[in-house]
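Asker: Input: one structure, supplied below.
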Protein chains: 2
Amino acid sequence: MITVAITDDHFMVVEGLKTMLNQVDTIKIIDAYHTVNDTVEGLKNNSPDILLLDINLPDGNGIDLCKILKQTYKDLKIIALSNFEDIAFIKQIIKNGANGYLLKNTNKSELVLAIHTVQNDELFLPETLQRQLLNDSLGKPTNSSFFVPNLTRREKEVLSLIVKEYTSEDIANKLFVTVKTVEAHRSNLIQKLSVKNVAGLVRVALEKGLV
Amino acid sequence: MITVAITDDHFMVVEGLKTMLNQVDTIKIIDAYHTVNDTVEGLKNNSPDILLLDINLPDGNGIDLCKILKQTYKDLKIIALSNFEDIAFIKQIIKNGANGYLLKNTNKSELVLAIHTVQNDELFLPETLQRQLLNDSLGKPTNSSFFVPNLTRREKEVLSLIVKEYTSEDIANKLFVTVKTVEAHRSNLIQKLSVKNVAGLVRVALEKGLV
DNA sequence: TAAAACTTTAGGGAAAACCCTAAAGTTTTA
DNA sequence: TAAAACTTTAGGGTTTTCCCTAAAGTTTTA
């Protein structure tokens, strides 16, 4: 019997997961959490084999949480849940210790397969993503962006302010640095995220849940 | 017995809804669709009493679909499903004929209540949104934006290109108009959406699913 | 500890965005 | 059909973004 916990802020997604997994004899859902905090607290009392972890949470992001949880619970298997099909994004979360990655429009059989796979200490990725990762490692262009969310603390800070419609001057005042510094961060962000302008920065930031 | 169909591109959400509703004797789910097209085709063969309609669909948006469906199926009750708690957004979809509006993090009892309410030809809105609408009509500021998605066809077109990182010049070339025209649309968009710059435009466009 | 990555600053210039007022023709709606 | 809303264009100006090169100090990582 594999025990599973879920972290997702959407009631319906949790229900959907519960339904699919309750039909499987070998899997038992022992808890569900809705926030980063919930999860951290909940895991102090429960020890699921596997955690299905949503990336976008109201009080933080699953990527960082994944890293933290893995430090505390070495044996816990984590399967990331997300809407986004981005190879570099996946690389990041795998690097942070995740044992698998599932798109939210997955179906029951894939979900069950993913759980059994990671339980066997193997990495699980959906077919489409495997192909994309393969293409990527072969240097072939993929339909997903080349975005690597390796943003520095400061860059994330600036990005989140850009999304909030702050101008470079506003940001400079807020962070007590010069406008030139902010512009440097802006340029670096544009480079790193492979976009052309502020519109791209905002779009990517929101799409990838970086802010 | 109330018959219900669901339109949502996320498998899990559909599963979650099915689970919750299957536990209710008076409600029967007769079909589920994943796209605008699916829904239009599916409704030719099925006549549910109620359609639970996601706003953000891969091949279009539920707001326009709602209007179209209501023209063809006068008696069909539509409950909009969305993640966004925006009063003006809700006004728009109600104006387009929706009989109710549910946030995706709803629970079973509210979901069932919503279905029974609209079946009785009454409008259903969650408590929190009712309060916001009341405040709004009293002229009080609410925590949601004042955004009214009354964008013209052309403005939507321009906005979607802005989100795609097109500059005003790019857009002008694409639409065969002058840069000045595009800038006029830009200014109007900034006014209408109550934002300060392109970052705000992109953020709002993505948050409200306008593009 | 040494290398690598990050943060900060700068000058100068080109491009783009933004704001204002104004107006005429087109389409939609009441 | 008349009013309202939409689309188009313009001049002229300010602000902001974006790009380039360059460098020094700080922090993190191997």
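So you can find residues: chains in the structure tokens are A, B, ... in the order shown, residues in each start at 1, and ligands are numbered from 1 in order.
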Using only C-alpha atoms (C1' of nucleotides), select each residue of chain B with any atom at most 8 Å away from an atom of chain C, and give the selection as an MDAnalysis selection string.
Answerer: chainID B and resid 167:168 187
Asker: Using only C-alpha atoms, which residues of chain B come within 7 Å of chain A, and what is the closest atom pair for each, with the distance in Å to one decimal? Give it as a Markdown table, sorted by chain and residue number.
Answerer:
```
| residue | atom | partner | partner_atom | distance |
| --- | --- | --- | --- | --- |
| B:His10 | CA | A:Asn105 | CA | 4.8 |
| B:Phe11 | CA | A:Asn105 | CA | 4.8 |
| B:Met12 | CA | A:Gly16 | CA | 4.7 |
| B:Val13 | CA | A:Met12 | CA | 5.3 |
| B:Glu15 | CA | A:Gly16 | CA | 4.6 |
| B:Gly16 | CA | A:Gly16 | CA | 3.8 |
| B:Leu17 | CA | A:Met12 | CA | 6.7 |
| B:Thr19 | CA | A:Thr19 | CA | 6.6 |
| B:Lys104 | CA | A:His10 | CA | 6.7 |
| B:Asn105 | CA | A:Phe11 | CA | 4.8 |
| B:Thr106 | CA | A:Phe11 | CA | 6.5 |
| B:Asn107 | CA | A:Phe11 | CA | 6.6 |
| B:Ile162 | CA | A:Ala199 | CA | 6.7 |
| B:Val163 | CA | A:Ala199 | CA | 5.7 |
| B:Lys164 | CA | A:Gly200 | CA | 6.9 |
| B:Glu165 | CA | A:Ala199 | CA | 5.5 |
| B:Lys196 | CA | A:Glu165 | CA | 6.4 |
| B:Asn197 | CA | A:Glu165 | CA | 6.4 |
| B:Val198 | CA | A:Ala199 | CA | 6.2 |
| B:Ala199 | CA | A:Glu165 | CA | 5.4 |
| B:Gly200 | CA | A:Glu165 | CA | 5.5 |
| B:Val202 | CA | A:Ala199 | CA | 6.0 |
| B:Arg203 | CA | A:Val202 | CA | 6.4 |
```
Asker: Quick one: residues within 8 Å of B:Arg186, only C-alpha atoms (C1' of nucleotides) counted, chain neighbours fewer than 5 positions away excluded, as a list of chain:residue names?
Answerer: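 Here the answer would be B:Glu155, B:Val158, B:Leu159.
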Asker: Mind listing the strand (DSSP E or B) residues of stretch 11-203 of chain B, per DSSP on the backbone, as a ChimeraX atom specification?
Answerer: /B:27-33,50-54,56-57,60-61,77-82,100-103,124
Asker: Near chain A, which residues of chain D fall within 12 Å when you count only C-alpha atoms (C1' of nucleotides), and what do they look like as a PyMOL selection string?
Answerer: chain D and resi 15-20+27-28
Asker: Determine which residues of stretch 74-133 of chain B receive a DSSP assignment of alpha helix (DSSP H), computed from the backbone, and state them as number ranges by chain.
Answerer: B: 87-95, 108-119, 127-133
Asker: To one decimal place in Å, what is the distance between atom CA of A:Pro58 and atom CA of A:Val36?
Answerer: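 If I compute the distance from atom CA of A:Pro58 to atom CA of A:Val36, I get 7.9 Å.
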Asker: I want to know what sits within 10 Å of B:Glu110, based on only C-alpha atoms (C1' of nucleotides), with residues of the same chain fewer than 3 positions away left out; could you give that as a PyMOL selection string?
Answerer: chain B and resi 102-103+106-107+113-116+124-127
Asker: Restricting it to N, CA, C and O atoms, dump the selection as a compact mmCIF listing (two decimals), in the first residue's frame.
Answerer:
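Output contents, as saved in out-v9.txt:
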```
# COMPACT_ATOMS: atom_id res chain seq x y z
N LEU B 102 -19.22 30.46 -10.51
CA LEU B 102 -18.58 29.73 -9.41
C LEU B 102 -17.07 29.84 -9.49
O LEU B 102 -16.50 29.76 -10.57
N LEU B 103 -16.45 30.05 -8.36
CA LEU B 103 -15.00 30.01 -8.32
C LEU B 103 -14.55 28.56 -8.30
O LEU B 103 -15.24 27.71 -7.75
N THR B 106 -14.41 26.13 -5.24
CA THR B 106 -15.68 25.93 -4.54
C THR B 106 -15.71 24.54 -3.91
O THR B 106 -14.85 23.71 -4.16
N ASN B 107 -16.69 24.32 -3.06
CA ASN B 107 -16.83 23.00 -2.47
C ASN B 107 -18.15 22.37 -2.92
O ASN B 107 -18.93 22.98 -3.64
N LEU B 113 -25.69 23.68 -4.41
CA LEU B 113 -26.60 24.81 -4.20
C LEU B 113 -26.73 25.64 -5.47
O LEU B 113 -27.82 26.04 -5.88
N ALA B 114 -25.59 25.89 -6.10
CA ALA B 114 -25.58 26.68 -7.33
C ALA B 114 -26.44 26.03 -8.40
O ALA B 114 -27.26 26.68 -9.06
N ILE B 115 -26.31 24.73 -8.54
CA ILE B 115 -27.07 24.00 -9.56
C ILE B 115 -28.56 24.07 -9.28
O ILE B 115 -29.37 24.35 -10.17
N HIS B 116 -28.94 23.87 -8.03
CA HIS B 116 -30.35 23.94 -7.69
C HIS B 116 -30.90 25.35 -7.85
O HIS B 116 -32.04 25.55 -8.26
N PHE B 124 -27.20 32.55 -9.44
CA PHE B 124 -26.35 32.15 -8.31
C PHE B 124 -24.99 32.83 -8.35
O PHE B 124 -24.26 32.78 -9.34
N LEU B 125 -24.65 33.43 -7.21
CA LEU B 125 -23.31 33.98 -7.04
C LEU B 125 -22.82 33.65 -5.64
O LEU B 125 -23.60 33.70 -4.69
N PRO B 126 -21.54 33.31 -5.50
CA PRO B 126 -21.00 33.04 -4.16
C PRO B 126 -21.17 34.26 -3.27
O PRO B 126 -21.14 35.40 -3.75
N GLU B 127 -21.30 34.02 -2.00
CA GLU B 127 -21.45 35.08 -0.99
C GLU B 127 -20.45 36.23 -1.20
O GLU B 127 -20.83 37.39 -1.25
```
Asker: Identify, on the basis of only C-alpha atoms (C1' of nucleotides), every residue whose closest approach to B:Asp8 does not exceed 9 Å; exclude the query and any residue fewer than 4 positions from it along the same chain; express the result as a short mmCIF file (atom, residue, chain, number, x, y, z; two decimals) with C-alpha atoms, in the first residue's frame.
Answerer:
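Saved file result-v7.cif follows:
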```cif
data_model
loop_
_atom_site.label_atom_id
_atom_site.label_comp_id
_atom_site.auth_asym_id
_atom_site.auth_seq_id
_atom_site.Cartn_x
_atom_site.Cartn_y
_atom_site.Cartn_z
CA VAL B 13 -11.36 19.55 -12.67
CA VAL B 14 -13.82 17.48 -14.66
CA ALA B 32 -18.16 16.44 -20.51
CA TYR B 33 -16.42 18.59 -23.09
CA HIS B 34 -12.92 19.98 -23.26
CA THR B 35 -13.03 22.75 -25.81
CA LEU B 52 -20.84 24.15 -16.11
CA LEU B 53 -18.64 26.27 -18.32
CA ASP B 54 -14.98 27.05 -17.77
CA ILE B 55 -14.02 30.55 -18.87
CA ASN B 56 -10.54 29.75 -20.10
CA LEU B 57 -10.56 27.20 -22.87
CA LEU B 81 -16.43 28.50 -13.75
#
```
Asker: Take atom CA of B:Asn120 and atom CA of B:Asp31 and report the distance between them in Å, one decimal.
Answerer: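 So the answer is 21.4 Å.
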